[in-house]
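With mmCIF, C-alpha atoms inside, this is query-v4.cif:
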```cif
data_model
#
loop_
_atom_site.label_atom_id
_atom_site.label_comp_id
_atom_site.auth_asym_id
_atom_site.auth_seq_id
_atom_site.Cartn_x
_atom_site.Cartn_y
_atom_site.Cartn_z
CA MET A 1 59.95 -18.50 39.64
CA SER A 2 59.29 -15.33 41.73
CA MET A 3 56.18 -14.82 43.85
CA GLN A 4 54.89 -12.17 41.38
CA GLY A 5 55.39 -14.50 38.47
CA SER A 6 53.50 -17.28 40.30
CA VAL A 7 50.55 -14.98 41.00
CA LEU A 8 50.43 -13.83 37.37
CA ALA A 9 50.57 -17.40 36.11
CA VAL A 10 47.70 -18.47 38.36
CA GLY A 11 45.65 -15.43 37.37
CA LYS A 12 46.17 -16.05 33.66
CA CYS A 13 45.18 -19.67 34.13
CA LEU A 14 41.91 -18.61 35.73
CA ALA A 15 41.30 -15.92 33.13
CA CYS A 16 41.73 -18.43 30.32
CA LEU A 17 38.98 -20.68 31.65
CA GLU A 18 36.13 -20.85 29.13
CA PHE A 19 33.26 -20.48 31.63
CA MET A 20 32.26 -17.00 32.79
CA LEU A 21 33.43 -15.79 36.20
CA PHE A 22 31.20 -12.99 37.42
CA PRO A 23 27.72 -11.64 36.67
CA VAL A 24 27.92 -8.49 34.57
CA TRP A 25 25.79 -5.40 35.23
CA ARG A 26 24.73 -3.91 31.87
CA GLY A 27 23.11 -0.84 33.31
CA ILE A 28 19.58 0.32 34.20
CA GLY A 29 17.03 -0.45 31.52
CA VAL A 30 19.27 -2.83 29.68
CA GLY A 31 17.73 -6.29 29.26
CA SER A 32 14.34 -7.47 30.42
CA GLY A 33 12.68 -9.80 32.88
CA VAL A 34 13.42 -10.30 36.55
CA GLY A 35 17.09 -9.91 36.06
CA GLY A 36 16.81 -6.33 34.94
CA GLY A 37 20.21 -5.01 34.00
CA TRP A 38 21.96 -8.28 34.83
CA SER A 39 23.10 -10.25 31.81
CA GLN A 40 21.59 -13.67 31.29
CA GLY A 41 25.03 -15.07 30.73
CA TRP A 42 28.28 -14.53 32.58
CA GLY A 43 30.45 -11.84 31.14
CA ARG A 44 34.20 -11.96 31.43
CA GLY A 45 35.02 -10.03 34.59
CA LEU A 46 38.82 -10.10 34.44
CA ARG A 47 41.22 -8.58 31.96
CA TRP A 48 44.99 -8.06 31.87
CA GLU A 49 46.75 -4.72 31.51
CA PRO A 50 50.47 -3.84 31.38
CA ALA A 51 51.88 -2.85 34.75
CA SER A 52 53.61 0.20 33.20
CA PRO A 53 54.36 1.41 29.66
CA GLY A 54 57.29 -0.31 28.08
CA GLN A 55 57.37 -3.25 30.50
CA GLY A 56 56.42 -6.85 29.86
CA ALA A 57 54.76 -7.37 33.26
CA TRP A 58 50.96 -7.67 33.35
CA ILE A 59 48.54 -7.21 36.26
CA PRO A 60 44.93 -8.48 36.62
CA VAL A 61 42.18 -5.83 36.53
CA PHE A 62 38.50 -6.43 37.40
CA ASP A 63 36.10 -4.96 34.83
CA TYR A 64 33.22 -4.88 37.31
CA PRO A 65 32.89 -4.33 41.05
CA VAL A 66 33.87 -7.29 43.21
CA TRP A 67 30.63 -6.96 45.19
CA GLY A 68 28.91 -8.33 42.11
CA VAL A 69 30.28 -11.74 43.10
CA LEU A 70 27.91 -11.89 46.04
CA CYS A 71 24.84 -11.03 43.93
CA ARG A 72 22.53 -13.36 41.99
CA GLY A 73 24.22 -16.59 43.04
CA GLY A 74 27.70 -15.24 42.49
CA HIS A 75 28.98 -16.82 45.73
CA ALA A 76 28.07 -20.32 44.51
CA ARG A 77 29.60 -19.61 41.11
CA LEU A 78 32.80 -18.34 42.75
CA ARG A 79 33.03 -21.51 44.85
CA GLU A 80 32.68 -23.53 41.65
CA VAL A 81 35.43 -21.49 40.04
CA CYS A 82 37.74 -22.09 43.03
CA GLN A 83 37.12 -25.83 42.91
CA ARG A 84 37.80 -26.01 39.16
CA GLY A 85 40.81 -23.76 39.51
CA ARG A 86 42.26 -25.95 42.26
CA SER A 87 41.95 -29.03 40.07
CA ALA A 88 43.49 -27.12 37.15
CA ILE A 89 46.48 -25.94 39.18
CA LYS A 90 46.92 -29.40 40.78
CA LEU A 91 47.35 -28.25 44.38
CA PRO A 92 48.62 -31.12 46.64
CA THR A 93 45.82 -30.81 49.17
CA ASP A 94 45.85 -34.53 50.02
CA MET A 95 49.50 -34.28 51.01
CA LEU A 96 48.75 -31.45 53.44
CA SER A 97 45.83 -33.15 55.22
CA ILE A 98 46.52 -35.35 58.26
CA LYS A 99 43.91 -37.84 59.37
CA LEU A 100 43.73 -38.23 63.13
CA PRO A 101 43.26 -41.73 64.58
CA GLN A 102 39.75 -43.03 65.20
CA LEU A 103 38.45 -43.30 68.76
CA PHE A 104 36.39 -46.14 70.25
CA ASP A 105 34.08 -46.88 73.15
CA ILE A 106 34.82 -49.27 75.98
CA ASN A 107 32.93 -52.19 74.41
CA GLN A 108 34.98 -51.88 71.22
CA VAL A 109 38.41 -52.47 72.76
CA PRO A 110 39.88 -55.56 74.48
CA LYS A 111 39.54 -55.81 78.22
CA VAL A 112 43.23 -55.20 78.86
CA PHE A 113 42.87 -51.65 77.49
CA ARG A 114 39.82 -50.71 79.54
CA GLU A 115 39.96 -48.32 82.45
CA ASP A 116 37.57 -48.25 85.38
CA SER A 117 34.55 -45.94 84.74
CA ILE A 118 36.05 -44.57 81.51
CA ILE A 119 33.47 -45.20 78.77
CA SER A 120 34.75 -43.49 75.62
CA GLY A 121 37.83 -41.95 74.02
CA TYR A 122 39.86 -45.15 73.60
CA ARG A 123 42.48 -45.37 70.87
CA HIS A 124 42.86 -48.29 68.49
CA PRO A 125 44.41 -51.27 70.32
CA ARG A 126 46.76 -51.90 67.40
CA SER A 127 47.89 -48.33 66.77
CA SER A 128 51.10 -47.60 64.95
CA ALA A 129 53.82 -45.51 66.55
CA LEU A 130 52.81 -42.58 64.34
CA ASP A 131 49.17 -42.94 65.36
CA CYS A 132 50.22 -42.91 69.00
CA VAL A 133 52.18 -39.69 68.51
CA LEU A 134 49.32 -38.08 66.58
CA SER A 135 46.85 -39.10 69.26
CA SER A 136 48.70 -36.93 71.76
CA PHE A 137 47.42 -33.94 69.75
CA GLN A 138 43.89 -35.35 69.63
CA MET A 139 41.46 -35.20 72.53
CA ASN A 140 41.09 -38.72 73.92
CA ASN A 141 41.11 -40.24 77.39
CA GLU A 142 44.94 -40.35 77.45
CA THR A 143 45.75 -36.88 76.08
CA ILE A 144 45.80 -35.07 79.42
CA ASN A 145 47.71 -37.97 80.98
CA ILE A 146 50.43 -37.53 78.36
CA TRP A 147 50.78 -33.78 78.67
CA THR A 148 50.49 -33.55 82.48
CA HIS A 149 53.79 -35.42 82.69
CA PHE A 150 55.45 -34.32 79.44
CA LEU A 151 55.30 -30.59 80.22
CA PRO A 152 56.56 -30.96 83.84
CA THR A 153 59.53 -32.87 82.45
CA TRP A 154 60.71 -29.67 80.80
CA TYR A 155 60.08 -27.69 83.97
CA PHE A 156 62.25 -30.03 86.05
CA LEU A 157 64.83 -30.11 83.29
CA TRP A 158 64.94 -26.31 83.31
CA ARG A 159 65.43 -26.30 87.10
CA PHE A 160 68.19 -28.86 86.69
CA CYS A 161 69.96 -26.72 84.07
CA VAL A 162 69.78 -23.72 86.40
CA LEU A 163 71.38 -25.77 89.16
CA CYS A 164 74.10 -26.94 86.78
CA SER A 165 75.02 -23.32 86.13
CA THR A 166 75.18 -22.45 89.85
CA MET A 167 76.62 -25.64 91.39
CA ASN A 168 79.70 -27.70 90.68
CA PHE A 169 78.32 -31.20 90.24
CA LEU A 170 81.64 -32.52 88.91
CA THR A 171 83.95 -31.91 91.86
CA ASP A 172 81.73 -30.97 94.81
CA SER A 173 80.75 -34.33 96.28
CA TYR A 174 78.22 -32.71 98.62
CA THR A 175 76.00 -31.99 95.59
CA TRP A 176 76.02 -35.55 94.23
CA PRO A 177 72.84 -36.68 96.07
CA LEU A 178 71.05 -33.66 94.59
CA LEU A 179 72.43 -34.57 91.16
CA VAL A 180 70.96 -38.08 91.41
CA TYR A 181 67.64 -36.73 92.66
CA MET A 182 67.33 -34.11 89.88
CA LEU A 183 68.14 -36.68 87.19
CA LEU A 184 65.41 -38.99 88.42
CA ILE A 185 62.68 -36.35 88.77
CA CYS A 186 63.36 -35.51 85.12
CA ILE A 187 63.24 -39.15 84.05
CA TYR A 188 60.13 -40.43 85.80
CA PRO A 189 57.56 -37.98 84.30
CA PHE A 190 59.09 -38.37 80.84
CA THR A 191 58.91 -42.16 81.08
CA SER A 192 55.30 -41.95 82.25
CA SER A 193 54.42 -39.68 79.33
CA CYS A 194 55.99 -42.11 76.85
CA ALA A 195 54.19 -45.05 78.47
CA HIS A 196 50.81 -43.38 78.09
CA THR A 197 51.64 -42.38 74.52
CA PHE A 198 52.67 -45.78 73.16
CA SER A 199 50.59 -48.09 75.37
CA THR A 200 48.04 -48.84 72.61
CA MET A 201 50.36 -50.42 70.03
CA SER A 202 49.45 -53.90 71.29
CA PRO A 203 48.54 -55.65 74.56
CA GLU A 204 52.16 -56.73 74.95
CA SER A 205 53.53 -53.25 74.34
CA ARG A 206 51.04 -51.87 76.85
CA HIS A 207 52.45 -54.08 79.60
CA ILE A 208 56.06 -53.36 78.63
CA CYS A 209 55.47 -49.60 78.50
CA TYR A 210 54.11 -49.64 82.02
CA PHE A 211 56.95 -51.90 83.17
CA PHE A 212 59.31 -49.07 82.28
CA ASP A 213 56.98 -46.60 83.96
CA TYR A 214 57.06 -48.60 87.18
CA GLY A 215 60.83 -48.94 86.95
CA ALA A 216 61.25 -45.19 86.61
CA LEU A 217 58.99 -44.59 89.62
CA SER A 218 60.93 -47.06 91.73
CA LEU A 219 64.20 -45.36 90.75
CA TYR A 220 62.63 -42.05 91.71
CA SER A 221 61.95 -43.48 95.16
CA LEU A 222 65.66 -44.37 95.30
CA GLY A 223 66.56 -40.79 94.41
CA CYS A 224 64.34 -39.60 97.26
CA ALA A 225 66.10 -42.00 99.66
CA ILE A 226 69.56 -40.83 98.58
CA SER A 227 68.69 -37.15 98.99
CA TYR A 228 66.86 -37.75 102.29
CA GLY A 229 69.70 -39.90 103.61
CA TYR A 230 72.26 -37.12 103.12
CA TYR A 231 70.26 -33.89 103.53
CA VAL A 232 67.03 -34.60 105.48
CA ILE A 233 68.25 -37.13 108.03
CA PRO A 234 67.56 -35.97 111.65
CA ASP A 235 70.51 -34.64 113.60
CA CYS A 236 70.41 -37.42 116.17
CA TRP A 237 70.48 -40.10 113.45
CA VAL A 238 73.61 -38.91 111.66
CA ASN A 239 76.31 -41.65 111.49
CA SER A 240 74.00 -44.18 113.16
CA TRP A 241 73.55 -47.73 111.87
CA PHE A 242 70.27 -46.77 110.22
CA HIS A 243 71.92 -43.80 108.52
CA GLN A 244 74.81 -45.88 107.21
CA HIS A 245 72.50 -48.55 105.74
CA PHE A 246 69.64 -46.29 104.70
CA VAL A 247 70.56 -46.13 101.00
CA LEU A 248 71.36 -49.84 100.83
CA ILE A 249 67.92 -50.73 102.19
CA ALA A 250 66.38 -48.30 99.72
CA VAL A 251 68.03 -50.20 96.86
CA GLY A 252 66.30 -53.38 98.04
CA ASN A 253 63.01 -51.50 98.22
CA THR A 254 63.50 -50.30 94.67
CA LEU A 255 64.01 -53.81 93.34
CA PHE A 256 61.03 -55.05 95.35
CA CYS A 257 58.86 -52.22 94.03
CA THR A 258 59.71 -52.89 90.38
CA SER A 259 59.24 -56.64 90.73
CA LEU A 260 55.91 -56.49 92.54
CA SER A 261 54.40 -53.77 90.35
CA CYS A 262 55.39 -55.59 87.15
CA TYR A 263 54.02 -58.86 88.51
CA SER A 264 50.71 -57.17 89.35
CA ARG A 265 50.01 -56.56 85.67
CA PHE A 266 49.76 -60.31 85.03
CA LEU A 267 46.92 -60.50 87.57
CA GLU A 268 45.03 -57.53 86.14
CA LEU A 269 42.48 -59.45 84.07
CA GLN A 270 41.69 -62.36 86.38
CA PHE A 271 42.11 -60.59 89.73
CA PRO A 272 41.81 -56.83 89.23
CA GLN A 273 41.37 -55.98 92.91
CA ARG A 274 44.36 -58.06 93.96
CA SER A 275 46.41 -56.48 91.20
CA LYS A 276 45.49 -53.00 92.42
CA VAL A 277 46.37 -53.81 96.01
CA LEU A 278 49.75 -55.28 95.08
CA ARG A 279 50.62 -52.34 92.82
CA THR A 280 49.63 -49.78 95.42
CA GLY A 281 51.59 -51.58 98.12
CA ALA A 282 54.62 -51.79 95.85
CA PHE A 283 54.87 -47.99 95.81
CA VAL A 284 53.58 -47.21 99.30
CA LEU A 285 56.28 -49.31 101.00
CA PRO A 286 59.28 -47.39 99.55
CA PHE A 287 57.50 -44.10 100.19
CA ILE A 288 56.96 -44.90 103.87
CA PHE A 289 60.56 -46.03 104.30
CA ASP A 290 62.00 -42.99 102.52
CA THR A 291 59.97 -40.53 104.60
CA VAL A 292 60.74 -42.08 108.01
CA PRO A 293 63.50 -39.49 108.66
CA LEU A 294 61.14 -36.71 107.59
CA PHE A 295 58.32 -38.00 109.81
CA TYR A 296 60.68 -38.02 112.78
CA ARG A 297 61.78 -34.43 112.17
CA ILE A 298 58.16 -33.28 111.89
CA LEU A 299 57.34 -35.16 115.11
CA LEU A 300 60.18 -33.35 116.91
CA CYS A 301 58.78 -30.03 115.73
CA CYS A 302 55.31 -30.98 116.93
CA VAL A 303 56.57 -31.65 120.47
CA GLY A 304 58.53 -28.38 120.46
CA SER A 305 62.06 -29.74 120.07
CA CYS A 306 62.68 -27.70 116.92
CA SER A 307 61.25 -24.79 114.96
CA LEU A 308 59.40 -25.10 111.69
CA SER A 309 61.83 -24.08 108.93
CA ASP A 310 61.17 -23.28 105.29
CA ALA A 311 62.48 -26.73 104.36
CA LEU A 312 60.03 -28.49 106.67
CA SER A 313 57.18 -26.37 105.34
CA SER A 314 57.94 -27.53 101.80
CA HIS A 315 58.24 -31.13 103.02
CA CYS A 316 54.83 -30.88 104.70
CA TYR A 317 53.25 -29.66 101.47
CA HIS A 318 54.92 -32.58 99.69
CA LEU A 319 53.45 -35.06 102.17
CA LEU A 320 50.01 -33.52 101.75
CA PHE A 321 50.11 -33.95 97.98
CA ALA A 322 51.60 -37.43 98.35
CA VAL A 323 48.59 -38.53 100.43
CA LEU A 324 46.27 -36.92 97.88
CA THR A 325 48.10 -38.72 95.06
CA CYS A 326 47.65 -42.08 96.74
CA PHE A 327 43.97 -41.37 97.35
CA LEU A 328 43.33 -40.43 93.71
CA PHE A 329 45.17 -43.53 92.48
CA THR A 330 43.07 -45.90 94.56
CA ALA A 331 39.67 -44.18 94.75
CA HIS A 332 39.00 -43.55 91.01
CA LEU A 333 37.08 -40.39 91.84
CA PRO A 334 35.26 -38.51 90.40
CA GLU A 335 34.66 -40.79 87.38
CA ARG A 336 33.33 -43.59 89.57
CA LEU A 337 30.46 -41.31 90.64
CA ALA A 338 29.54 -40.43 87.04
CA PRO A 339 30.92 -42.93 84.51
CA GLY A 340 31.41 -41.37 81.10
CA ARG A 341 31.31 -37.76 82.31
CA PHE A 342 35.07 -37.46 82.93
CA ASP A 343 36.42 -39.57 80.09
CA TYR A 344 38.40 -36.77 78.46
CA PHE A 345 38.99 -34.25 81.20
CA GLY A 346 38.96 -34.43 84.98
CA HIS A 347 39.26 -38.17 85.73
CA SER A 348 41.33 -39.41 88.63
CA HIS A 349 44.46 -40.42 86.74
CA GLN A 350 44.84 -36.92 85.34
CA LEU A 351 44.42 -35.46 88.83
CA PHE A 352 46.83 -38.11 90.09
CA HIS A 353 49.48 -36.89 87.63
CA ILE A 354 48.98 -33.25 88.57
CA SER A 355 49.08 -33.97 92.29
CA ALA A 356 52.25 -36.06 91.93
CA VAL A 357 54.04 -33.32 89.96
CA VAL A 358 53.05 -30.57 92.40
CA GLY A 359 54.18 -32.77 95.29
CA THR A 360 57.51 -33.40 93.57
CA HIS A 361 57.96 -29.64 93.16
CA PHE A 362 57.55 -29.05 96.90
CA GLN A 363 59.79 -32.01 97.65
CA MET A 364 62.50 -30.55 95.41
CA GLU A 365 62.24 -27.19 97.17
CA GLY A 366 62.50 -28.88 100.57
CA VAL A 367 65.52 -30.97 99.58
CA MET A 368 67.38 -27.94 98.20
CA ALA A 369 66.53 -25.87 101.30
CA ASP A 370 67.85 -28.59 103.63
CA MET A 371 70.93 -29.05 101.47
CA THR A 372 71.81 -25.35 101.71
CA SER A 373 70.92 -24.70 105.35
CA ARG A 374 72.48 -27.87 106.81
CA ARG A 375 75.64 -28.03 104.72
CA ALA A 376 78.11 -26.76 107.33
CA TRP A 377 76.56 -28.83 110.13
CA LEU A 378 76.55 -32.09 108.13
CA LEU A 379 80.08 -31.66 106.76
CA ALA A 380 81.38 -30.92 110.24
CA ARG A 381 80.15 -34.35 111.34
CA GLY A 382 81.70 -36.19 108.42
CA ALA A 383 78.47 -36.85 106.51
CA MET A 384 80.22 -36.51 103.17
CA PRO A 385 78.55 -38.28 100.23
CA SER A 386 80.67 -40.62 98.14
CA PHE A 387 80.56 -41.27 94.43
CA LEU A 388 79.91 -44.95 95.03
CA GLY A 389 77.09 -44.23 97.48
CA THR A 390 75.28 -41.87 95.10
CA VAL A 391 75.99 -42.16 91.37
CA GLY A 392 77.33 -45.70 91.75
CA VAL A 393 74.17 -46.82 93.54
CA LEU A 394 72.04 -45.22 90.83
CA VAL A 395 73.90 -46.99 88.01
CA ALA A 396 73.76 -50.36 89.77
CA SER A 397 70.06 -49.99 90.54
CA LEU A 398 69.35 -48.94 86.95
CA VAL A 399 71.03 -52.07 85.60
CA LEU A 400 69.20 -54.32 88.08
CA ASN A 401 65.83 -52.70 87.33
CA LEU A 402 66.36 -53.10 83.59
CA GLY A 403 67.12 -56.75 84.22
CA ILE A 404 63.87 -57.18 86.15
CA ILE A 405 61.92 -55.45 83.38
CA GLY A 406 63.60 -57.73 80.85
CA ILE A 407 62.61 -60.81 82.83
CA PHE A 408 58.95 -59.78 82.94
CA SER A 409 58.97 -58.64 79.31
CA ALA A 410 60.51 -61.83 77.91
CA PRO A 411 57.31 -63.96 78.12
CA LEU A 412 55.33 -61.19 76.42
CA LEU A 413 57.85 -60.87 73.60
CA TRP A 414 58.26 -64.63 73.22
CA LYS A 415 54.53 -65.34 73.05
CA PRO A 416 53.85 -63.47 69.75
CA CYS A 417 56.94 -65.01 68.16
CA HIS A 418 55.89 -68.48 69.27
CA SER A 419 52.38 -67.96 67.90
CA SER A 420 53.73 -66.77 64.54
CA ASN A 421 55.72 -70.00 64.17
CA GLN A 422 52.54 -72.14 64.35
CA PRO A 423 51.07 -72.38 60.81
CA HIS A 424 47.77 -73.85 62.00
CA THR A 425 46.89 -70.79 64.09
CA SER A 426 44.32 -68.74 62.25
CA ARG A 427 44.30 -64.95 62.01
CA ARG A 428 41.10 -64.76 64.04
CA GLU A 429 42.59 -66.83 66.84
CA CYS A 430 45.63 -64.56 66.93
CA LYS A 431 43.39 -61.52 67.30
CA GLU A 432 41.48 -63.16 70.14
CA LYS A 433 44.75 -63.95 71.89
#
```
Please rewrite the model in this file as structure tokens.
Amino acid sequence: MSMQGSVLAVGKCLACLEFMLFPVWRGIGVGSGVGGGWSQGWGRGLRWEPASPGQGAWIPVFDYPVWGVLCRGGHARLREVCQRGRSAIKLPTDMLSIKLPQLFDINQVPKVFREDSIISGYRHPRSSALDCVLSSFQMNNETINIWTHFLPTWYFLWRFCVLCSTMNFLTDSYTWPLLVYMLLICIYPFTSSCAHTFSTMSPESRHICYFFDYGALSLYSLGCAISYGYYVIPDCWVNSWFHQHFVLIAVGNTLFCTSLSCYSRFLELQFPQRSKVLRTGAFVLPFIFDTVPLFYRILLCCVGSCSLSDALSSHCYHLLFAVLTCFLFTAHLPERLAPGRFDYFGHSHQLFHISAVVGTHFQMEGVMADMTSRRAWLLARGAMPSFLGTVGVLVASLVLNLGIIGIFSAPLLWKPCHSSNQPHTSRRECKEK
């Protein structure tokens, strides 16, 4: 059926309704009482006329001015007509409406879901996957956390695609450390966004989601080490013992970081302060190790042994935001000063995400500047990256990190299955567990 035919059918359906549509003005002096010329009843205000002579098409024509609808209660009558007409036409309004998930306060959710100084805006602790996705479009205390890492993922992905069109990552081995680094700065914010999105499906899924988040961050630290080891390493350290084993030590730091950060989640309820310290240390240690070459280059510039280049300027901005990121992660400011005031916007974890992304941007600029400016010097001294020392290390570390995550996830996955096999366990006891 054409659009014109649909409009005509709807109009005829409304015109055939038995109740009157619009108030009818009979003219001055017609009728009596307060209503004056207005009819006591409701005259028929719509009629149908042929569109043109000799054609079967009909068009609706109003007998009386439309402004009469707004007079003498016509607005209420028109609303009644619309409601009855909608029920007569059977519009699927229920199918078009989407109900957003309900939000809760801190005392309505289990302790494992609570955040320090965040009072409201919590999602249901047993949300479905669809509810989790819908909640990302609803203002709650995780919405900004989700989007502050989801949107930068596309920015880094766009920068990566631009590099793919200008560099030969397939055959030019000098670009392989940059390839590993760009892959990981695209992965870690996306993994974090997914962790924040689906962390309220259950207490077990919350831990597992953040296990993957920690694993992605530890792999990102490995990507930093690989790029620093080939592009940022000081001139006097090239081909030294430390340079030759720098990436290998970074792999050990990555495994240590994932293991310790995952373990810290098991201490979160009984020993929250100890858990925080262990988790912070798990990420600070790889960061300090990775930036040792950068610290040394900055120190040389401070004593006048080198000039401050564009690459070092970007690296300094990265270090500034890295320190700010660590401070925001540990201090829980500003929400600690005014609990409940920053539940939805402005709390420390949101600022932590933004600071981390901005710092990564400056780090990326510094790495690419060093890669371009030092290429001839590094290749002349035989500092040629190998496939095994870059992509091979990434693949091996990925497999090992997934194994660590699997080890820590197994007790969480086995516990619900074990509980479901015990018939004497009541539903209430399961909820408490």
Exercise. I would like the residues chosen by the PyMOL selection byres ((chain A and resi 127) around 10) on the shown file; could you give them as an NGL selection string?
Key: :A and (101-102 or 123-126 or 128-133 or 135 or 198-202)
Quiz item: Using all atoms listed in the file, which residues sit within 10 Å of Arg336 of chain A once same-chain residues fewer than 2 positions away are excluded, as a PyMOL selection string?
Solution: chain A and resi 116-118+331-334+338-342+347-348
Practice problem: Between atom CA of Cys164 of chain A and atom CA of Met384 of chain A, measure the distance and give it in Å to one decimal. | Solution: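 Those two atoms sit 19.9 Å apart.
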Quiz item: Do you have the atom CA of Ile288 of chain A-atom CA of Leu320 of chain A distance handy?
Solution: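 Result for atom CA of Ile288 of chain A versus atom CA of Leu320 of chain A: 13.5 Å, one decimal.
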Determine, using all atoms listed in the file, which residues of segment 325-402 of chain A have any atom at most 10 Å from an atom of segment 222-244 of chain A, and tabulate each with its shortest atom pair and distance in Å to one decimal place, rows ordered by chain and then rising number, as CSV.
```
residue,atom,partner,partner_atom,distance
A:Thr360,CA,A:Cys224,CA,9.9
A:Gln363,CA,A:Cys224,CA,8.9
A:Met364,CA,A:Cys224,CA,9.4
A:Gly366,CA,A:Val232,CA,8.8
A:Val367,CA,A:Tyr231,CA,6.8
A:Met368,CA,A:Tyr231,CA,8.5
A:Ala369,CA,A:Tyr231,CA,9.1
A:Asp370,CA,A:Tyr231,CA,5.8
A:Met371,CA,A:Tyr231,CA,5.3
A:Thr372,CA,A:Tyr231,CA,8.9
A:Ser373,CA,A:Tyr231,CA,9.4
A:Arg374,CA,A:Tyr231,CA,7.2
A:Arg375,CA,A:Tyr231,CA,8.0
A:Trp377,CA,A:Asp235,CA,9.1
A:Leu378,CA,A:Tyr231,CA,8.0
A:Arg381,CA,A:Val238,CA,8.0
A:Gly382,CA,A:Asn239,CA,8.3
A:Ala383,CA,A:Tyr230,CA,7.1
A:Met384,CA,A:Tyr230,CA,8.0
A:Pro385,CA,A:Tyr230,CA,7.0
A:Gly389,CA,A:Ile226,CA,8.3
A:Thr390,CA,A:Ile226,CA,6.8
A:Val391,CA,A:Ile226,CA,9.8
A:Val393,CA,A:Leu222,CA,9.0
A:Leu394,CA,A:Leu222,CA,7.8
A:Ser397,CA,A:Leu222,CA,8.6
```
When the PyMOL selection byres ((chain A and resi 136-147) around 7) is applied to the structure above, which residues does it catch, written out as a PDB file with C-alpha atoms, keeping the file's coordinate frame?
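Output contents, as saved in expr-v6.pdb:
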```pdb
ATOM      1  CA  GLY A 121      37.830 -41.950  74.020  1.00  0.00           C
ATOM      2  CA  TYR A 122      39.860 -45.150  73.600  1.00  0.00           C
ATOM      3  CA  CYS A 132      50.220 -42.910  69.000  1.00  0.00           C
ATOM      4  CA  VAL A 133      52.180 -39.690  68.510  1.00  0.00           C
ATOM      5  CA  LEU A 134      49.320 -38.080  66.580  1.00  0.00           C
ATOM      6  CA  SER A 135      46.850 -39.100  69.260  1.00  0.00           C
ATOM      7  CA  THR A 148      50.490 -33.550  82.480  1.00  0.00           C
ATOM      8  CA  HIS A 149      53.790 -35.420  82.690  1.00  0.00           C
ATOM      9  CA  PHE A 150      55.450 -34.320  79.440  1.00  0.00           C
ATOM     10  CA  LEU A 151      55.300 -30.590  80.220  1.00  0.00           C
ATOM     11  CA  SER A 193      54.420 -39.680  79.330  1.00  0.00           C
ATOM     12  CA  HIS A 196      50.810 -43.380  78.090  1.00  0.00           C
ATOM     13  CA  THR A 197      51.640 -42.380  74.520  1.00  0.00           C
ATOM     14  CA  ASP A 343      36.420 -39.570  80.090  1.00  0.00           C
ATOM     15  CA  TYR A 344      38.400 -36.770  78.460  1.00  0.00           C
ATOM     16  CA  GLN A 350      44.840 -36.920  85.340  1.00  0.00           C
ATOM     17  CA  HIS A 353      49.480 -36.890  87.630  1.00  0.00           C
TER      18      HIS A 353
END
```
Quiz prompt | Counting only C-alpha atoms, the option among A:Cys257, A:Ala380, A:Leu219, A:Cys262 closest to Ser409 of chain A | solution =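 Using only C-alpha atoms, the shortest distance to Ser409 of chain A belongs to A:Cys262.
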Listed atoms of segment 344-354 of chain A boxed axis-aligned with 4 Å per side, centre + edges as AutoDock Vina command-line options:
```
--center_x 43.9 --center_y -36.8 --center_z 84.3 --size_x 19.1 --size_y 15.2 --size_z 19.6
```
Near-Ile187 of chain A list (9 Å; all atoms listed in the file; drop same-chain fewer than 5 positions) as a PDB file with C-alpha atoms, in the coordinates of the input:
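Saved as part.pdb:
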```pdb
ATOM      1  CA  THR A 153      59.530 -32.870  82.450  1.00  0.00           C
ATOM      2  CA  MET A 182      67.330 -34.110  89.880  1.00  0.00           C
ATOM      3  CA  SER A 192      55.300 -41.950  82.250  1.00  0.00           C
ATOM      4  CA  ALA A 216      61.250 -45.190  86.610  1.00  0.00           C
ATOM      5  CA  LEU A 217      58.990 -44.590  89.620  1.00  0.00           C
ATOM      6  CA  TYR A 220      62.630 -42.050  91.710  1.00  0.00           C
TER       7      TYR A 220
END
```
Practice problem: Could you list the residues chosen by the PyMOL selection byres ((chain A and resi 209) around 9) in this structure as a list in words? | Solution: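 Listing what the PyMOL selection byres ((chain A and resi 209) around 9) selects in the shown file: Thr191, Ser192, Cys194, Ala195, His196, Phe198, Ser199, Glu204, Ser205, Arg206, His207, Ile208, Tyr210, Phe211, Phe212, Asp213 and Tyr214 of chain A.
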Exercise. Using atom CA of Phe289 of chain A and atom CA of His318 of chain A as the two end points, give the distance in Å to one decimal.
Key: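 It comes out at 15.3 Å.
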Quiz item: Between A:Ile185, A:Ile119, A:Phe104, A:Phe266, which has the minimum distance to Pro411 of chain A (counting all atoms listed in the file)?
Solution: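 Counting all atoms listed in the file, the residue closest to Pro411 of chain A is A:Phe266.
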Exercise. For Asn253 of chain A, work out the shell of residues within 10 Å, counting all atoms listed in the file and skipping chain neighbours fewer than 4 positions away, then give it as a VMD selection string.
Key: chain A and resid 218 to 219 221 to 222 247 to 249 257 to 259 282 to 283 285 to 287 289 to 290
